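Engineer: A single structure is presented below for examination.
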Amino acid sequence: MRWLIPQTLAGRTIAVLLVGLGLFHLWSIWIYQVGIENLLGSTRDQQLVERLVSVKRVIAALPTGEREETAHVLSTATMEIHWSPLSLVNPPSVESERIGLLRKQLRELVPEITDDHVRLAFADEGTPSEGSDAYHHLLLASVQLPDASWVNFRLATFQTAPTEHGVLASLSAMALGILLVSVVLVRSVTAPLRTLARAADRIGIDLAAPEVPQTGPREIQQTAKAFNRMQARIKRLISDRTQTLAAVSHDLKTPITRLRLRAEFVKDEELRQTIEGDLDEMQRMIESTLAFLRGDATGEESKTVDIATILETVSDQLVDTGHDVDLAGLPHVSVRCKPLAIKRALSNLVENAVKYGRRARVNLAERGDEIVITIADDGPGIPEEEMERVFDPFYRLEASRSRETGGTGLGLTVARTAIRAHGGDIRLHNVQPSGLCATVTLPKTIDL
Amino acid sequence: MTAYSVHFDRGDMQTEGAMVGVDSEAHILVVDDDGQVRQLIGRFLRENGYRVTGARDGREMRESLASAEIDLVILDLMLPGTSGLDLCRELRASSSLPIIMLTAKGEDTDRIVGLELGADDYMPKPFNPRELLARVRAVLRRAAARPDADRTTGGRLITFAGWTLDTLRREVTSAESVVIDLSGGEYDLLLAFVEHPNRVLSRDQLLELARNRTSGPLDRSIDVQISRLRRKLEVDENAPTLIKTIRGAGYMFLPTVQRL
């Protein structure tokens with residue numbers, strides 16, 4: 001039964017309207033019908049009785065020879081009249097309620113006609129042709145004349161008009177009307193709600209989305225207003241935090257500069273190198289945090305760059321620090337991009353490969369309009385359910401946290417943001433027998 | 001020398017000319033509003049044989065320039081009062097004094113703006129002190145090697161064999177305007193070649209010329225750097241047309257070089 005209930009607010013409103021008005025309509029039709037029926041019924045019966053009486057009087061006044069002929073002449077399409085010495089109607093053993101009413105009216109109009117002189121029956125009750133459907137609505141009446149002969153009537157007028165079809169037609173017409181009008185009206189009433197829902201969806205993706213228009217019914221206006229206030233609050237909150245984080249990261253640059261200078265005066269060479277290593281790590285964290293916070297906001301201009309040389313620089317740098325990086329594929333591929341952003345993205349991916357996967361195998365290829373860079377490692381890979389989560393900011397896998405590999409958990413976030421800003425994407429998948437492969441696709445021609 | 005001492009908030013920032021290193025006693029003016037950074041840079045450069053004076057803002061910088069013979073200015077971008085960029089522009093308007101910009105902003109645009117205003121080099125904070133030292137040496141060497149007019153009037157772009165080297169952006173572009181990504185060491189090595197074309201350069205000479213960057217244990221040998229340069233620039237790295245190996249002597253840069 002649940003599926004019968006419409007899911008949308010508009011649908012439910014329309015259903016309520018339809019059912020409510022439909023019931024109301026049916027009920028009023030019934031009241032009307034009963035009223036009309038009563039009124040028409042009594043008028044018709046009265047006319048009938050009057051006609052019966054007048055015909056009887058006319059025929060009674062005529063000589064016997066002319067009676068049958070006159071009866072024929074008086075017959076109409078709805079009333080057939082015959083004169084006969086005997087009654088053509090066999091009165092039913094039990095009279096129906098309707099016949100009783102007729103008899104009563106007859107008595108009131110012409111008191112001289114006693115019950116013995118009138119025989120009334122429906123065609124299917126009192127005539128030779130029993131069980132025939134055709135006679136179901138025929139009233140048969142015989143009135144005895146003073147000379148004991150009978151005037152017989154057959155009345156077709158007794159049918160009550162079949163009203164069911166009319167009710168059905170008017171009901172469906174009304175339902176259709178309600179449906180059409182209410183679809184238009186209710187949808188326009190609930191339109192601001194749908195706008196609100198879409199806006200709420202959008203703000204989840206893009207905080208800079210425009211405000212929701214404050215239109216529609218007052219409740220919806222209030223909701224929209226509250227929603228806009230909430231959006232503004234979230235925006236302010238996030239921008240406050242972003243600014244704080246950026247300011248802290250930025251302000252750390254001065255103390256690190258001092259520490260770097262101070263480290264130069266440390267006489268113990270080994271100690272100096274460890275201090276410098278720590279400082280390098282701090283600096284990398286700050287730079288990746290700032291890169292993450294800046295996002296697309298970097299004013300870097302786009303240039304046509306040989307992306308192969310970027311990969312070479314990145315690989316060479318890691319090779320120089322004692323890592324195992326193997327670069328293969330096309331020797332030169334030029335692409336229009338923001339070189340620093342792309343270099344940072346690729347560098348993050350290759351660094352991850354050597355850090356968590358011991359060894360990076362980088363390949364550069366072209367496929368149609370795309371550049372495809374794969375970076376595979378020999379590490380343990382990533383559980384399938386973590387494949388998307390690792391792109392979340394500050395998210396780090398348990399393995400990486402416990403291994404003291406350092407890092408901020410921003411590398412992949414920054415990389416994906418940069419690549420996506422170029423119209424490409426990064427996908428991760430595990431490879432056999434063991435290892436993770438990052439596939440970077442970049443369109444060759446994009447407008448930046 | 002005691003004449004400047006009024007500008008210092010710390011006595012140890014005073015100029016000392018006692019230590020004379022390989023690069024003689026060039027006089028460097030460090031303009032930074034952070035007292036400790038100023039003091040530490042001063043001490044570090046002094047230990048490496050330079051005379052150093054400190055200034056905390058534009059006013060002190062002007063006073064120092066007026067009263068002493070300064071060979072190089074290390075200028076912080078963020079200063080109270082007149083900004084480093086404005087000071088750089090001001091300096092350039094009147095002289096060709098070598099300038100190295102320091103900035104904590106680290107945005108690429110700042111670097112370009114600073115260099116286009118006439119700074120000779122740029123270092124983002126936090127920098128490696130030994131890299132700063134190398135840059136100081138390189139800038140001083142270049143300033144000494146070139147007549148004053150040369151630095152300000154063009155010379156920013158150098159072309160060779162269809163390639164263009166932009167000395168401000170430290171960038172190499174092909175004839176098809178495709179930027180080739182070079183590491184710092186590779187760029188410095190290429191610049192050394194471009195500045196000394198058609199001459200046989202020994203590995204030691206190249207090491208000395210390209211010593212802009214840190215020369216730590218991580219730096220690969222000149223041979224490795226050259227093979228990497230060839231891979232990036234040569235059409236066929238096995239049949240080089242740019243950098244030729246002179247057996248037993250070193251390397252020679254073959255193309256004709258033109259300054260624009």
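Chain labels A, B, ... are given in the sequence in which chains occur in the structure tokens; within each chain residues are numbered consecutively from 1, and ligands are likewise numbered from 1 in the order shown.
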Select all residues from chain A having any atom no more than 10 Å from an atom of chain B (counting only C-alpha atoms, ignoring ligands), output as a PyMOL selection string.
Structural biologist: chain A and resi 250-265+276+279-280+283+287+298-301+303-314+316-317+319-322+331-336+339-340+343
Engineer: Name the residues in contact with Arg51 of chain A at a cut-off of 10 Å, using only C-alpha atoms, excluding same-chain residues fewer than 6 positions from it; report them as a PyMOL selection string.
Structural biologist: chain A and resi 45+57+79
Engineer: Out of A:Leu327, A:Ile14, A:Leu86, A:Leu346, which residue has the shortest atom-to-atom distance to Leu180 of chain A when counting only C-alpha atoms?
Structural biologist: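 Among the listed residues, the smallest separation from Leu180 of chain A belongs to A:Ile14.
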Engineer: Would you list the contacts of segment 237-239 of chain A as a list of chain:residue names, taking every protein, DNA or RNA residue within 12 Å and counting only C-alpha atoms, but skipping same-chain residues closer than 6 positions in sequence?
Structural biologist: A:Leu207, A:Ala208, A:Met230, A:Gln231, A:Leu245, A:Ala246, A:Ala247, A:Leu293, A:Arg294
Engineer: Assign secondary structure with DSSP using the backbone only, and return the residues of segment 223-351 of chain A in strand (DSSP E) as a list in words.
Structural biologist: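 After running DSSP on the backbone, segment 223-351 of chain A has strand (DSSP E) at Lys303, Thr304, Val305, Asp306, Asp324, Val325, Asp326, Leu327, Ala328, Gly329, Ser334, Val335, Arg336 and Cys337 of chain A.
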Engineer: Can you list, as a VMD selection string, all residues belonging to segment 39-168 of chain B that DSSP tags as helix (DSSP H, G or I)?
Structural biologist: chain B and resid 39 to 47 58 to 67 84 to 94 108 to 116 129 to 145 148 to 152
Engineer: Residues near segment 74-88 of chain B, anyone? I mean within 10 Å using only C-alpha atoms, not counting same-chain ones fewer than 2 positions away, as an MDAnalysis selection string.
Structural biologist: chainID B and resid 28:34 38 41 54:59 61:62 72 90:93 97:105 110 113:115 117:119 121:125 132 136
Engineer: So that I can see what lies close to Thr256 of chain B, please list as an MDAnalysis selection string the residues with an atom at most 12 Å from it, counting only C-alpha atoms and leaving out residues fewer than 6 positions away in the same chain.
Structural biologist: chainID B and resid 158:163 193:199 241:243
Engineer: Please produce an output containing C-alpha atoms for each residue in the selection, written as an mmCIF file, in the first residue's frame.
Structural biologist:
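Below is the file selection16.cif, written as the result:
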```
data_model
loop_
_atom_site.group_PDB
_atom_site.id
_atom_site.type_symbol
_atom_site.label_atom_id
_atom_site.label_comp_id
_atom_site.auth_asym_id
_atom_site.auth_seq_id
_atom_site.Cartn_x
_atom_site.Cartn_y
_atom_site.Cartn_z
ATOM 1 C CA ILE B 158 69.468 34.779 -24.525
ATOM 2 C CA THR B 159 68.865 32.754 -27.681
ATOM 3 C CA PHE B 160 70.783 29.809 -29.053
ATOM 4 C CA ALA B 161 69.902 27.218 -31.711
ATOM 5 C CA GLY B 162 66.209 28.130 -31.612
ATOM 6 C CA TRP B 163 66.027 27.998 -27.827
ATOM 7 C CA PHE B 193 77.503 27.312 -20.924
ATOM 8 C CA VAL B 194 75.434 30.037 -22.559
ATOM 9 C CA GLU B 195 77.563 32.732 -20.973
ATOM 10 C CA HIS B 196 80.725 31.051 -22.210
ATOM 11 C CA PRO B 197 79.976 29.647 -25.667
ATOM 12 C CA ASN B 198 82.546 28.049 -27.960
ATOM 13 C CA ARG B 199 85.011 27.602 -25.165
ATOM 14 C CA THR B 241 74.612 19.254 -31.234
ATOM 15 C CA LEU B 242 74.495 21.678 -28.285
ATOM 16 C CA ILE B 243 76.940 20.439 -25.672
#
```
Engineer: Please compute the atom CA of Leu428 of chain A-atom CA of Thr289 of chain A distance, one decimal, in Å.
Structural biologist: 22.4 Å
